[in-house]
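Text of work.txt, listed as compact mmCIF, C-alpha atoms:
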# COMPACT_ATOMS: atom_id res chain seq x y z
CA MET A 37 0.00 0.00 0.00
CA GLN A 38 0.93 3.60 -0.39
CA ASP A 39 2.79 5.53 2.26
CA ALA A 40 1.05 6.19 5.54
CA ALA A 41 0.94 9.99 5.26
CA ARG A 42 -0.90 9.79 1.98
CA LEU A 43 -3.39 7.21 3.23
CA GLU A 44 -4.01 9.36 6.30
CA ILE A 45 -4.89 12.31 4.10
CA LEU A 46 -7.24 10.20 2.01
CA ILE A 47 -8.92 8.77 5.11
CA ALA A 48 -9.29 12.24 6.62
CA ALA A 49 -10.82 13.55 3.41
CA THR A 50 -13.12 10.52 3.27
CA ALA A 51 -14.22 11.32 6.81
CA GLY A 52 -15.22 14.73 5.47
CA GLY A 53 -17.49 13.05 2.93
CA ASP A 54 -15.10 13.50 0.00
CA LYS A 55 -16.11 10.79 -2.48
CA LEU A 56 -13.21 11.61 -4.74
CA ALA A 57 -10.74 10.91 -1.93
CA PHE A 58 -12.63 7.74 -1.08
CA ARG A 59 -12.40 6.55 -4.64
CA GLN A 60 -8.67 7.22 -4.58
CA LEU A 61 -8.39 5.34 -1.31
CA TYR A 62 -10.25 2.44 -2.92
CA GLN A 63 -7.98 2.46 -5.94
CA GLU A 64 -4.87 2.38 -3.82
CA THR A 65 -5.90 -0.19 -1.23
CA SER A 66 -8.53 -2.51 -2.68
CA SER A 67 -6.17 -4.98 -4.35
CA HIS A 68 -4.16 -5.32 -1.14
CA LEU A 69 -7.22 -5.86 1.00
CA MET A 70 -8.58 -8.21 -1.65
CA ALA A 71 -5.43 -10.33 -1.41
CA LEU A 72 -5.97 -10.83 2.31
CA LEU A 73 -9.69 -11.49 1.95
CA LEU A 74 -9.16 -13.99 -0.84
CA ARG A 75 -6.50 -15.70 1.21
CA MET A 76 -8.88 -15.98 4.15
CA LEU A 77 -12.17 -16.70 2.39
CA LYS A 78 -10.82 -18.70 -0.60
CA ARG A 79 -13.72 -17.72 -2.83
CA ARG A 80 -13.60 -14.68 -5.06
CA ASP A 81 -17.27 -13.83 -4.63
CA TRP A 82 -17.04 -14.01 -0.85
CA ALA A 83 -13.84 -11.98 -0.84
CA GLU A 84 -15.43 -9.31 -3.01
CA ASP A 85 -18.49 -9.18 -0.77
CA ALA A 86 -16.23 -8.78 2.23
CA LEU A 87 -14.19 -6.13 0.43
CA GLN A 88 -17.31 -4.16 -0.31
CA ASP A 89 -18.53 -4.46 3.29
CA SER A 90 -15.12 -3.45 4.62
CA LEU A 91 -14.82 -0.40 2.43
CA LEU A 92 -18.36 0.65 3.18
CA LYS A 93 -17.36 0.55 6.82
CA VAL A 94 -14.29 2.64 5.97
CA TRP A 95 -16.54 5.17 4.22
CA ARG A 96 -18.95 5.32 7.12
CA LYS A 97 -16.45 5.12 9.98
CA SER A 98 -13.44 6.94 8.59
CA GLU A 99 -13.80 9.68 11.20
CA THR A 100 -13.03 7.09 13.88
CA TYR A 101 -9.56 6.46 12.48
CA ASP A 102 -6.93 7.86 14.83
CA PRO A 103 -3.36 8.00 13.48
CA GLY A 104 -2.15 7.82 17.09
CA LYS A 105 -3.51 4.30 17.30
CA GLY A 106 -1.68 2.65 14.47
CA SER A 107 -0.89 3.04 10.81
CA PRO A 108 -3.69 3.58 8.30
CA SER A 109 -2.89 0.42 6.37
CA THR A 110 -3.07 -1.65 9.55
CA TRP A 111 -6.42 -0.05 10.35
CA LEU A 112 -7.68 -1.01 6.89
CA TYR A 113 -6.31 -4.55 7.09
CA THR A 114 -7.82 -4.98 10.55
CA ILE A 115 -11.26 -3.91 9.33
CA ALA A 116 -11.01 -6.31 6.39
CA ARG A 117 -9.77 -9.18 8.51
CA HIS A 118 -12.51 -8.72 11.09
CA ARG A 119 -15.08 -8.76 8.32
CA ALA A 120 -13.59 -11.98 6.95
CA LEU A 121 -13.59 -13.53 10.43
CA ASP A 122 -17.27 -12.61 10.84
CA LEU A 123 -18.08 -14.26 7.51
CA LEU A 124 -16.07 -17.34 8.39
CA ARG A 125 -18.02 -17.59 11.66
CA GLN A 126 -21.30 -17.36 9.77
CA ARG A 127 -20.35 -19.74 7.02
CA ARG A 128 -18.68 -22.43 9.03
CA PRO A 129 -21.29 -23.14 11.69
CA GLU A 130 -22.91 -26.03 9.86
CA ASP A 131 -19.59 -27.82 10.27
CA SER A 132 -19.11 -26.67 13.82
CA LEU A 133 -20.09 -28.31 17.01
CA THR A 134 -20.41 -26.18 20.08
CA MET A 135 -18.58 -27.45 23.11
CA GLU A 136 -18.53 -26.37 26.70
CA SER A 137 -16.75 -23.23 27.76
CA ASP A 138 -13.07 -23.58 28.43
CA GLU A 139 -11.42 -22.33 31.58
CA ASP A 140 -11.32 -18.72 30.30
CA GLY A 141 -15.07 -18.79 29.90
CA THR A 142 -14.65 -18.96 26.14
CA THR A 143 -17.39 -20.62 24.18
CA ILE A 144 -15.71 -23.24 22.08
CA GLU A 145 -16.57 -24.25 18.58
CA MET A 146 -14.90 -26.90 16.53
CA ASP A 147 -14.91 -27.09 12.77
CA VAL A 148 -14.35 -29.95 10.44
CA VAL A 149 -11.12 -29.15 8.69
CA ASP A 150 -10.25 -29.78 5.09
CA GLU A 151 -7.41 -32.29 5.29
CA ASP A 152 -6.04 -31.29 1.91
CA GLU A 153 -5.28 -27.77 2.90
CA ASN A 154 -1.75 -26.71 3.51
CA PRO A 155 -2.15 -23.21 4.87
CA GLU A 156 1.44 -22.86 5.91
CA ALA A 157 2.74 -23.48 2.41
CA ARG A 158 0.25 -21.00 0.96
CA ALA A 159 1.13 -18.45 3.59
CA ILE A 160 4.73 -18.48 2.47
CA GLU A 161 3.78 -17.19 -0.98
CA GLY A 162 4.27 -13.49 -1.61
CA GLU A 163 7.32 -11.34 -1.66
CA GLY A 164 9.87 -9.91 0.66
CA MET A 165 10.57 -10.75 4.23
CA GLY A 166 9.74 -8.46 7.09
CA ARG A 167 10.44 -8.54 10.77
CA LEU A 168 7.49 -10.73 11.56
CA GLU A 169 8.49 -13.27 8.99
CA ARG A 170 12.05 -13.41 10.29
CA CYS A 171 10.76 -13.86 13.80
CA MET A 172 8.31 -16.55 12.67
CA LYS A 173 11.31 -18.61 11.64
CA GLY A 174 12.33 -18.79 15.29
CA LEU A 175 9.15 -20.68 16.19
CA LEU A 176 8.80 -24.43 16.28
CA SER A 177 6.86 -25.80 13.34
CA GLN A 178 3.65 -26.46 15.29
CA GLU A 179 3.79 -23.06 16.98
CA ARG A 180 4.23 -21.38 13.61
CA LYS A 181 1.39 -23.35 12.05
CA SER A 182 -0.90 -22.50 14.94
CA VAL A 183 -0.26 -18.77 14.59
CA MET A 184 -0.67 -18.82 10.83
CA LEU A 185 -3.84 -20.89 10.89
CA ALA A 186 -5.29 -18.56 13.50
CA TYR A 187 -4.39 -15.50 11.42
CA TYR A 188 -5.34 -16.64 7.92
CA GLU A 189 -8.10 -19.14 8.65
CA GLY A 190 -9.47 -17.50 11.77
CA TYR A 191 -9.22 -20.77 13.66
CA THR A 192 -10.13 -20.91 17.33
CA HIS A 193 -8.18 -23.05 19.76
CA PRO A 194 -10.51 -26.04 19.28
CA GLU A 195 -10.38 -25.61 15.52
CA LEU A 196 -6.60 -25.59 15.72
CA ALA A 197 -6.68 -28.72 17.85
CA SER A 198 -8.74 -30.41 15.20
CA ALA A 199 -6.67 -29.12 12.29
CA LEU A 200 -3.39 -30.07 13.90
CA ASP A 201 -4.72 -33.25 15.45
CA ALA A 202 -3.53 -32.39 18.94
CA PRO A 203 -5.15 -31.98 22.35
CA LEU A 204 -6.69 -28.58 23.11
CA GLY A 205 -4.28 -27.86 25.94
CA THR A 206 -1.29 -28.62 23.73
CA VAL A 207 -2.53 -26.33 20.99
CA LYS A 208 -3.15 -23.53 23.46
CA SER A 209 0.40 -23.78 24.70
CA TRP A 210 1.71 -23.77 21.09
CA VAL A 211 -0.13 -20.53 20.46
CA ARG A 212 0.98 -19.05 23.76
CA ARG A 213 4.62 -20.02 23.37
CA GLY A 214 4.62 -18.95 19.74
CA LEU A 215 3.31 -15.51 20.62
CA THR A 216 5.71 -15.14 23.54
CA LYS A 217 8.66 -15.96 21.28
CA LEU A 218 7.39 -13.58 18.64
CA ARG A 219 7.01 -10.81 21.20
CA SER A 220 10.57 -11.07 22.43
CA CYS A 221 11.98 -11.44 18.91
CA LEU A 222 10.01 -8.44 17.62
CA GLU A 223 11.06 -6.34 20.59
CA ALA A 224 14.69 -7.26 20.06
CA GLN A 225 14.70 -5.95 16.48
CA MET B 263 -8.99 -10.32 38.24
CA ARG B 264 -5.75 -11.57 36.82
CA TYR B 265 -5.43 -8.77 34.28
CA GLN B 266 -2.84 -6.92 36.37
CA ASN B 267 -0.28 -9.57 35.56
CA ASN B 268 1.85 -8.03 32.79
CA GLU B 269 2.70 -11.27 31.12
CA LEU B 270 -0.92 -12.29 31.02
CA ARG B 271 -1.95 -8.86 29.75
CA GLY B 272 0.55 -9.16 26.91
CA GLN B 273 -0.61 -12.67 26.14
CA LEU B 274 -4.28 -11.72 26.07
CA ALA B 275 -3.57 -8.69 23.85
CA ALA B 276 -1.71 -10.92 21.41
CA GLU B 277 -4.45 -13.54 21.36
CA TYR B 278 -7.07 -10.82 21.02
CA ALA B 279 -5.30 -9.40 17.96
CA LEU B 280 -4.67 -12.85 16.54
CA GLY B 281 -8.33 -13.74 17.08
CA THR B 282 -7.93 -16.79 19.29
CA LEU B 283 -9.43 -14.97 22.28
CA ARG B 284 -13.13 -15.71 21.90
CA GLY B 285 -16.52 -15.54 23.45
CA ARG B 286 -16.94 -14.13 26.94
CA ALA B 287 -13.20 -13.82 27.46
CA ARG B 288 -13.05 -11.61 24.37
CA ALA B 289 -15.98 -9.51 25.53
CA ARG B 290 -14.38 -9.08 28.97
CA PHE B 291 -11.09 -8.09 27.38
CA GLU B 292 -12.80 -5.54 25.14
CA LYS B 293 -14.44 -3.99 28.17
CA LEU B 294 -11.04 -3.69 29.83
CA LEU B 295 -9.53 -2.20 26.69
CA ARG B 296 -11.84 0.80 26.84
CA GLY B 297 -10.35 1.94 30.13
CA ASP B 298 -6.76 0.81 29.73
CA ALA B 299 -4.52 2.76 27.36
CA GLY B 300 -1.55 0.48 28.01
CA LEU B 301 -3.55 -2.53 26.95
CA ARG B 302 -4.74 -0.71 23.82
CA GLU B 303 -1.14 0.04 22.91
CA GLU B 304 -0.31 -3.61 23.28
CA VAL B 305 -3.15 -4.54 20.92
CA VAL B 306 -2.01 -1.91 18.42
CA PHE B 307 1.51 -3.39 18.59
CA TRP B 308 0.16 -6.79 17.58
CA HIS B 309 -2.20 -5.49 14.90
CA GLU B 310 0.74 -3.67 13.35
CA ARG B 311 2.95 -6.75 13.45
CA PHE B 312 0.30 -9.19 12.27
CA SER B 313 -0.60 -6.95 9.35
CA GLU B 314 2.71 -8.04 7.86
CA PHE B 315 1.02 -11.38 7.14
CA ALA B 316 -1.38 -9.43 4.93
CA ARG B 317 1.21 -7.08 3.44
CA ARG B 318 3.30 -9.86 1.99
CA LEU B 319 0.47 -11.26 -0.11
CA LYS B 320 0.47 -10.35 -3.79
CA PRO B 321 -2.24 -7.79 -4.59
CA VAL B 322 -5.33 -9.14 -6.34
CA ALA B 323 -7.50 -6.68 -8.22
CA PRO B 324 -11.18 -6.99 -7.37
CA ARG B 325 -13.64 -6.85 -10.25
CA ALA B 326 -15.03 -3.47 -11.22
CA VAL B 327 -18.44 -4.47 -9.91
CA VAL B 328 -17.17 -3.97 -6.34
CA TRP B 329 -16.50 -0.29 -6.86
CA ALA B 330 -19.67 0.17 -8.89
CA SER B 331 -21.70 -1.30 -6.08
CA LEU B 332 -19.89 0.75 -3.44
CA GLU B 333 -20.35 3.91 -5.42
CA TYR B 334 -24.05 3.20 -5.71
CA THR B 335 -24.32 2.65 -1.96
CA ILE B 336 -22.39 5.73 -0.93
CA ALA B 337 -24.41 7.86 -3.30
CA ALA B 338 -27.35 7.01 -1.02
CA ASP B 339 -25.24 8.15 1.92
CA ALA B 340 -25.61 11.78 0.88
CA LYS B 341 -26.94 12.55 4.33
CA LYS B 342 -23.48 12.05 5.75
CA VAL B 343 -22.01 14.63 3.43
CA ALA B 344 -24.76 17.13 4.10
CA ALA B 345 -24.26 16.71 7.83
CA LEU B 346 -20.59 17.64 7.68
CA PRO B 347 -19.95 21.37 7.29
CA ASN B 348 -17.18 23.00 5.30
CA ARG B 349 -16.01 19.92 3.49
CA ALA B 350 -15.70 21.77 0.21
CA ALA B 351 -13.74 24.55 1.86
CA LYS B 352 -11.11 22.15 3.12
CA PRO B 353 -9.84 19.87 0.42
CA PRO B 354 -7.04 17.53 1.48
CA ARG B 355 -3.85 19.55 1.37
CA ALA B 356 -1.24 17.46 -0.29
CA LEU B 357 -2.91 15.44 -3.00
CA VAL B 358 -0.11 15.23 -5.50
CA TRP B 359 -0.43 14.56 -9.16
CA GLN B 360 -1.07 10.83 -8.81
CA ALA B 361 -4.40 11.87 -7.36
CA TRP B 362 -5.32 13.21 -10.75
CA ALA B 363 -6.50 9.86 -11.96
CA ALA B 364 -9.31 10.39 -9.51
CA ALA B 365 -9.84 14.03 -10.48
CA ALA B 366 -11.44 12.68 -13.60
CA THR B 367 -14.21 11.29 -11.43
CA VAL B 368 -15.03 14.80 -10.21
CA ALA B 369 -16.00 15.48 -13.73
CA ALA B 370 -17.97 12.26 -13.95
CA VAL B 371 -19.80 13.10 -10.74
CA ALA B 372 -20.47 16.61 -11.99
CA LEU B 373 -22.01 15.21 -15.10
CA GLY B 374 -24.50 13.10 -13.19
CA MET B 375 -26.14 9.96 -14.39
CA GLY B 376 -28.82 11.52 -16.56
CA LEU B 377 -26.38 13.79 -18.28
CA GLN B 378 -24.03 10.87 -18.86
CA ARG B 379 -26.77 8.97 -20.63
CA GLU B 380 -27.51 12.11 -22.56
CA GLN B 381 -23.85 12.24 -23.51
CA ALA B 382 -23.85 8.72 -24.83
CA ARG B 383 -26.58 9.75 -27.22
CA THR B 384 -24.75 12.97 -27.96
CA ALA B 385 -21.66 10.99 -28.89
CA GLU B 386 -23.57 9.23 -31.65
CA LEU B 387 -25.02 12.48 -32.84
CA VAL B 388 -21.62 14.13 -32.81
CA ALA B 389 -20.13 11.33 -34.88
CA ALA B 390 -22.96 11.66 -37.41
CA LEU B 391 -22.60 15.42 -37.63
CA GLU B 392 -18.84 15.31 -37.96
CA ALA B 393 -19.13 12.79 -40.74
CA VAL B 394 -21.35 15.20 -42.63
CA GLN B 395 -19.38 18.32 -41.88
CA ASN B 396 -15.89 16.84 -41.74
CA ASN B 397 -15.32 19.55 -39.22
CA PRO B 398 -14.91 18.41 -35.60
CA LEU B 399 -16.98 20.22 -33.01
CA PRO B 400 -15.11 22.09 -30.29
CA TYR B 401 -15.10 21.11 -26.64
CA VAL B 402 -16.47 23.61 -24.17
CA ALA B 403 -16.15 23.81 -20.41
CA VAL B 404 -16.48 26.35 -17.64
CA ILE B 405 -14.27 26.15 -14.58
CA GLN B 406 -14.82 28.18 -11.47
CA PRO B 407 -12.51 26.97 -8.71
CA GLU B 408 -13.29 27.48 -5.05
CA GLY B 409 -11.65 30.39 -3.28
CA GLY B 410 -12.37 33.08 -5.89
CA ASP B 411 -14.97 34.37 -8.28
CA ALA B 412 -12.91 33.90 -11.44
CA ARG B 413 -14.57 31.77 -14.12
CA TRP B 414 -12.84 30.52 -17.21
CA ALA B 415 -15.01 29.62 -20.19
CA ILE B 416 -12.82 27.40 -22.34
CA THR B 417 -13.36 26.33 -25.92
CA LEU B 418 -10.93 23.87 -27.44
CA HIS B 419 -10.56 23.39 -31.19
CA PRO B 420 -8.19 20.41 -31.37
CA ASN B 421 -8.21 20.30 -35.19
CA LYS B 422 -7.33 24.00 -35.45
CA HIS B 423 -4.83 23.83 -32.57
CA VAL B 424 -6.50 26.80 -30.96
CA MET B 425 -8.23 27.34 -27.67
CA ARG B 426 -10.30 30.37 -26.76
CA ILE B 427 -10.46 31.31 -23.11
CA ALA B 428 -12.80 33.96 -21.73
CA LEU B 429 -12.23 35.09 -18.17
CA THR B 430 -14.85 36.72 -16.00
CA GLY B 431 -14.51 37.70 -12.35
CA SER B 432 -11.38 39.05 -10.78
CA LYS B 433 -10.78 37.25 -7.53
CA MET B 434 -8.29 34.49 -8.26
CA PRO B 435 -8.36 31.17 -6.40
CA ALA B 436 -4.61 31.41 -5.74
CA ASP B 437 -1.92 34.04 -5.18
CA ILE B 438 -1.10 34.87 -8.78
CA SER B 439 1.79 37.16 -7.84
CA ALA B 440 3.68 34.03 -6.86
CA ARG B 441 1.94 31.25 -8.74
CA SER B 442 0.70 30.41 -12.23
CA LEU B 443 -2.50 28.56 -13.04
CA GLU B 444 -2.01 25.74 -15.47
CA LEU B 445 -4.68 24.04 -17.56
CA TRP B 446 -4.58 20.30 -18.07
CA MET B 447 -6.46 17.70 -20.00
CA LEU B 448 -6.80 14.36 -18.25
CA ASP B 449 -6.77 11.34 -20.47
CA SER B 450 -8.85 8.24 -19.77
CA LYS B 451 -6.10 6.86 -17.55
CA GLY B 452 -6.10 10.06 -15.51
CA THR B 453 -2.72 11.21 -16.82
CA PRO B 454 -2.61 14.99 -17.17
CA HIS B 455 -1.45 16.67 -20.41
CA SER B 456 -0.59 20.35 -20.15
CA LEU B 457 -2.59 22.68 -22.39
CA GLY B 458 -0.85 25.84 -21.21
CA LEU B 459 -1.19 28.60 -18.64
CA LEU B 460 -4.51 30.22 -17.94
CA PRO B 461 -4.96 33.96 -18.37
CA VAL B 462 -5.45 35.65 -15.00
CA ALA B 463 -7.01 38.85 -13.71
CA GLY B 464 -5.50 42.01 -15.12
CA THR B 465 -5.31 40.74 -18.68
CA SER B 466 -7.97 41.26 -21.30
CA ALA B 467 -11.02 39.02 -21.11
CA ALA B 468 -10.84 36.89 -24.28
CA HIS B 469 -7.80 35.03 -25.44
CA ASP B 470 -7.05 32.90 -28.41
CA MET B 471 -4.17 30.69 -27.50
CA PRO B 472 -2.27 27.92 -29.25
CA LEU B 473 -3.50 24.47 -28.30
CA PRO B 474 -0.91 21.72 -28.17
CA ASP B 475 -1.52 18.38 -29.84
CA MET B 476 -3.92 16.30 -27.81
CA PRO B 477 -3.92 12.49 -27.77
CA ALA B 478 -6.07 11.64 -30.79
CA ASP B 479 -7.56 8.48 -29.30
CA GLU B 480 -8.92 10.49 -26.35
CA MET B 481 -11.04 12.79 -28.48
CA GLY B 482 -14.42 11.30 -27.56
CA ALA B 483 -17.69 13.01 -26.75
CA ALA B 484 -16.24 14.42 -23.53
CA LEU B 485 -12.91 14.87 -21.85
CA THR B 486 -11.78 16.25 -18.54
CA LEU B 487 -10.08 19.56 -17.93
CA ALA B 488 -8.41 20.54 -14.69
CA ILE B 489 -6.55 23.49 -13.23
CA SER B 490 -3.56 23.29 -10.93
CA GLU B 491 -1.53 25.86 -9.09
CA GLU B 492 2.10 25.83 -10.25
CA PRO B 493 5.32 27.81 -9.86
CA ARG B 494 5.46 30.98 -11.99
CA GLY B 495 5.73 30.00 -15.63
CA GLY B 496 4.14 26.60 -15.21
CA SER B 497 5.00 23.16 -13.96
CA PRO B 498 8.74 22.51 -14.15
CA THR B 499 8.18 18.78 -14.60
CA GLY B 500 5.50 18.57 -17.27
CA LEU B 501 3.12 17.11 -14.70
CA PRO B 502 1.08 18.94 -12.08
CA THR B 503 3.09 19.69 -8.97
CA GLY B 504 0.72 21.88 -6.96
CA ARG B 505 -2.81 21.97 -5.65
CA VAL B 506 -5.64 20.85 -7.92
CA LEU B 507 -8.02 23.79 -7.99
CA GLY B 508 -10.78 22.23 -10.01
CA ALA B 509 -11.72 19.62 -12.59
CA VAL B 510 -14.68 19.68 -14.95
CA PRO B 511 -15.94 17.79 -17.97
CA ALA B 512 -15.54 19.45 -21.35
CA VAL B 513 -18.23 18.40 -23.80
CA ARG B 514 -18.69 18.68 -27.54
CA ALA B 515 -20.73 21.81 -28.25
CA LEU B 516 -23.56 21.22 -30.65
Represent the structure from my file as structure tokens, please.
Amino acid sequence: MQDAARLEILIAATAGGDKLAFRQLYQETSSHLMALLLRMLKRRDWAEDALQDSLLKVWRKSETYDPGKGSPSTWLYTIARHRALDLLRQRRPEDSLTMESDEDGTTIEMDVVDEDENPEARAIEGEGMGRLERCMKGLLSQERKSVMLAYYEGYTHPELASALDAPLGTVKSWVRRGLTKLRSCLEAQ
Amino acid sequence: MRYQNNELRGQLAAEYALGTLRGRARARFEKLLRGDAGLREEVVFWHERFSEFARRLKPVAPRAVVWASLEYTIAADAKKVAALPNRAAKPPRALVWQAWAAAATVAAVALGMGLQREQARTAELVAALEAVQNNPLPYVAVIQPEGGDARWAITLHPNKHVMRIALTGSKMPADISARSLELWMLDSKGTPHSLGLLPVAGTSAAHDMPLPDMPADEMGAALTLAISEEPRGGSPTGLPTGRVLGAVPAVRAL
């Protein structure tokens, strides 16, 4: 995506109801957001629906963007990802079975996972290597898979347990340890 | 509650951003977030880092229908625009020339749907007339930028390489002692082509000026003209470098 200062200006102008600025914002960000949505939702029509919903939210909520709380591209990606997660929640439930709450009081759902998928391999596609990617290399394979499946597929702990064929408690500790390692690696850079 | 534990706070923020914090735990965490700036910063940290997963994916262009549908929806959101004062008085400051691709849409919006349909019919009529006359019709447009009362009525004769510009009003939209106003034609890709400097207050009202060659394949029923503010003497780069003061459609005059 374009540089942050420029996106901030476009978002600010969009907040003022400037359709021209919004169109420009769309032109500069839609293919990037689409890439994430397609990666998460797998289907072009779903991804385009989600893109439209996300950008409508951007149009309607652009005045809530605060540059002090993160970069504009992260704000846009976060909106898009949340929309994709919502859709995944809605579209997976026929495969899900609701379980009892875990010790955090979380309501647990478990999905049937497509065995043929190899999310990690697909996640490696793309260019360049940033800090996160370098730090991801420091994780054990199962920790890395857990984090990636949670990010790209929106998997919950029980879904991860099912996908990775491991007990819930084990999967939770993979996620926890993975994130702890990432935190210290990212801070060190 | 255990939220005072720093390690746990960091862990929950990470799992919240990753999405593995769910259900009531998520709702509780969100409630805490509202009153805890430190926790919000931690979540921002993770959102920023995780967005790298998205950034490294290759862009995929959505189909045009997505924008068309959005545009239709936001057109119905006119209330929002009406409710916000002064938006026209405060255009974004630093939209550089890349933004010009979008300036073309100002013209499209100004035309409106009905007029656009009208134009499609006009295009056929124009083609028929030109075939008979073998004498292309000129393009006409009127630009009155915000911030002044100056209006430029512009007639372009591409085949004769002449443009006639009539200026009315005297209050310029920019400080003309320091800046020049440059006229541009935007092609269908939004790339600006300089047509020359605009006459400003203090000169006589009607001007015939040489018109540079315009891209022949862009000479349809309508094109887009725009004005930018440039250093004295015009853009040093051949592309707009300053503020865009206005953009309007120029249509074939019947």
Write down, as a PDB file with C-alpha atoms, in the coordinates of the input, each residue of chain A that has any atom within 8 Å of an atom of chain B, counting all atoms listed in the file.
ATOM      1  CA  MET A  37       0.000   0.000   0.000  1.00  0.00           C
ATOM      2  CA  ARG A  42      -0.900   9.790   1.980  1.00  0.00           C
ATOM      3  CA  ILE A  45      -4.890  12.310   4.100  1.00  0.00           C
ATOM      4  CA  LEU A  46      -7.240  10.200   2.010  1.00  0.00           C
ATOM      5  CA  ALA A  48      -9.290  12.240   6.620  1.00  0.00           C
ATOM      6  CA  ALA A  49     -10.820  13.550   3.410  1.00  0.00           C
ATOM      7  CA  GLY A  52     -15.220  14.730   5.470  1.00  0.00           C
ATOM      8  CA  GLY A  53     -17.490  13.050   2.930  1.00  0.00           C
ATOM      9  CA  ASP A  54     -15.100  13.500   0.000  1.00  0.00           C
ATOM     10  CA  LEU A  56     -13.210  11.610  -4.740  1.00  0.00           C
ATOM     11  CA  ALA A  57     -10.740  10.910  -1.930  1.00  0.00           C
ATOM     12  CA  ARG A  59     -12.400   6.550  -4.640  1.00  0.00           C
ATOM     13  CA  GLN A  60      -8.670   7.220  -4.580  1.00  0.00           C
ATOM     14  CA  TYR A  62     -10.250   2.440  -2.920  1.00  0.00           C
ATOM     15  CA  SER A  66      -8.530  -2.510  -2.680  1.00  0.00           C
ATOM     16  CA  SER A  67      -6.170  -4.980  -4.350  1.00  0.00           C
ATOM     17  CA  HIS A  68      -4.160  -5.320  -1.140  1.00  0.00           C
ATOM     18  CA  LEU A  69      -7.220  -5.860   1.000  1.00  0.00           C
ATOM     19  CA  MET A  70      -8.580  -8.210  -1.650  1.00  0.00           C
ATOM     20  CA  ALA A  71      -5.430 -10.330  -1.410  1.00  0.00           C
ATOM     21  CA  LEU A  72      -5.970 -10.830   2.310  1.00  0.00           C
ATOM     22  CA  GLU A  84     -15.430  -9.310  -3.010  1.00  0.00           C
ATOM     23  CA  ASP A  85     -18.490  -9.180  -0.770  1.00  0.00           C
ATOM     24  CA  LEU A  87     -14.190  -6.130   0.430  1.00  0.00           C
ATOM     25  CA  GLN A  88     -17.310  -4.160  -0.310  1.00  0.00           C
ATOM     26  CA  LEU A  91     -14.820  -0.400   2.430  1.00  0.00           C
ATOM     27  CA  LEU A  92     -18.360   0.650   3.180  1.00  0.00           C
ATOM     28  CA  TRP A  95     -16.540   5.170   4.220  1.00  0.00           C
ATOM     29  CA  LYS A 105      -3.510   4.300  17.300  1.00  0.00           C
ATOM     30  CA  GLY A 106      -1.680   2.650  14.470  1.00  0.00           C
ATOM     31  CA  SER A 107      -0.890   3.040  10.810  1.00  0.00           C
ATOM     32  CA  THR A 110      -3.070  -1.650   9.550  1.00  0.00           C
ATOM     33  CA  TYR A 113      -6.310  -4.550   7.090  1.00  0.00           C
ATOM     34  CA  THR A 114      -7.820  -4.980  10.550  1.00  0.00           C
ATOM     35  CA  ASP A 140     -11.320 -18.720  30.300  1.00  0.00           C
ATOM     36  CA  GLY A 141     -15.070 -18.790  29.900  1.00  0.00           C
ATOM     37  CA  THR A 142     -14.650 -18.960  26.140  1.00  0.00           C
ATOM     38  CA  THR A 143     -17.390 -20.620  24.180  1.00  0.00           C
ATOM     39  CA  ILE A 144     -15.710 -23.240  22.080  1.00  0.00           C
ATOM     40  CA  ALA A 159       1.130 -18.450   3.590  1.00  0.00           C
ATOM     41  CA  GLU A 161       3.780 -17.190  -0.980  1.00  0.00           C
ATOM     42  CA  GLY A 162       4.270 -13.490  -1.610  1.00  0.00           C
ATOM     43  CA  GLU A 163       7.320 -11.340  -1.660  1.00  0.00           C
ATOM     44  CA  GLY A 164       9.870  -9.910   0.660  1.00  0.00           C
ATOM     45  CA  MET A 165      10.570 -10.750   4.230  1.00  0.00           C
ATOM     46  CA  GLY A 166       9.740  -8.460   7.090  1.00  0.00           C
ATOM     47  CA  LEU A 168       7.490 -10.730  11.560  1.00  0.00           C
ATOM     48  CA  GLU A 169       8.490 -13.270   8.990  1.00  0.00           C
ATOM     49  CA  VAL A 183      -0.260 -18.770  14.590  1.00  0.00           C
ATOM     50  CA  ALA A 186      -5.290 -18.560  13.500  1.00  0.00           C
ATOM     51  CA  TYR A 187      -4.390 -15.500  11.420  1.00  0.00           C
ATOM     52  CA  GLY A 190      -9.470 -17.500  11.770  1.00  0.00           C
ATOM     53  CA  TYR A 191      -9.220 -20.770  13.660  1.00  0.00           C
ATOM     54  CA  THR A 192     -10.130 -20.910  17.330  1.00  0.00           C
ATOM     55  CA  HIS A 193      -8.180 -23.050  19.760  1.00  0.00           C
ATOM     56  CA  ARG A 212       0.980 -19.050  23.760  1.00  0.00           C
ATOM     57  CA  LEU A 215       3.310 -15.510  20.620  1.00  0.00           C
ATOM     58  CA  THR A 216       5.710 -15.140  23.540  1.00  0.00           C
TER      59      THR A 216
END
Self-check item: Pairwise distance for atom CA of B:Leu270 and atom CA of B:Lys293, rounded to one decimal in Å
Solution: 16.1 Å
Self-check item: Residues within 6 Å of (-1.9, 27.8, -24.3), file coords, all atoms listed in the file, listed as a PyMOL selection string
Solution: chain B and resi 457-459+471-473
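Every protein, DNA or RNA residue with an atom at most 7 Å from stretch 403-405 of chain B, where all atoms listed in the file count and chain neighbours fewer than 5 positions away do not, is listed here: Arg413, Trp414, Ala415, Ile416, Thr417, Gly508, Val510, Pro511, Ala512 and Val513 of chain B.
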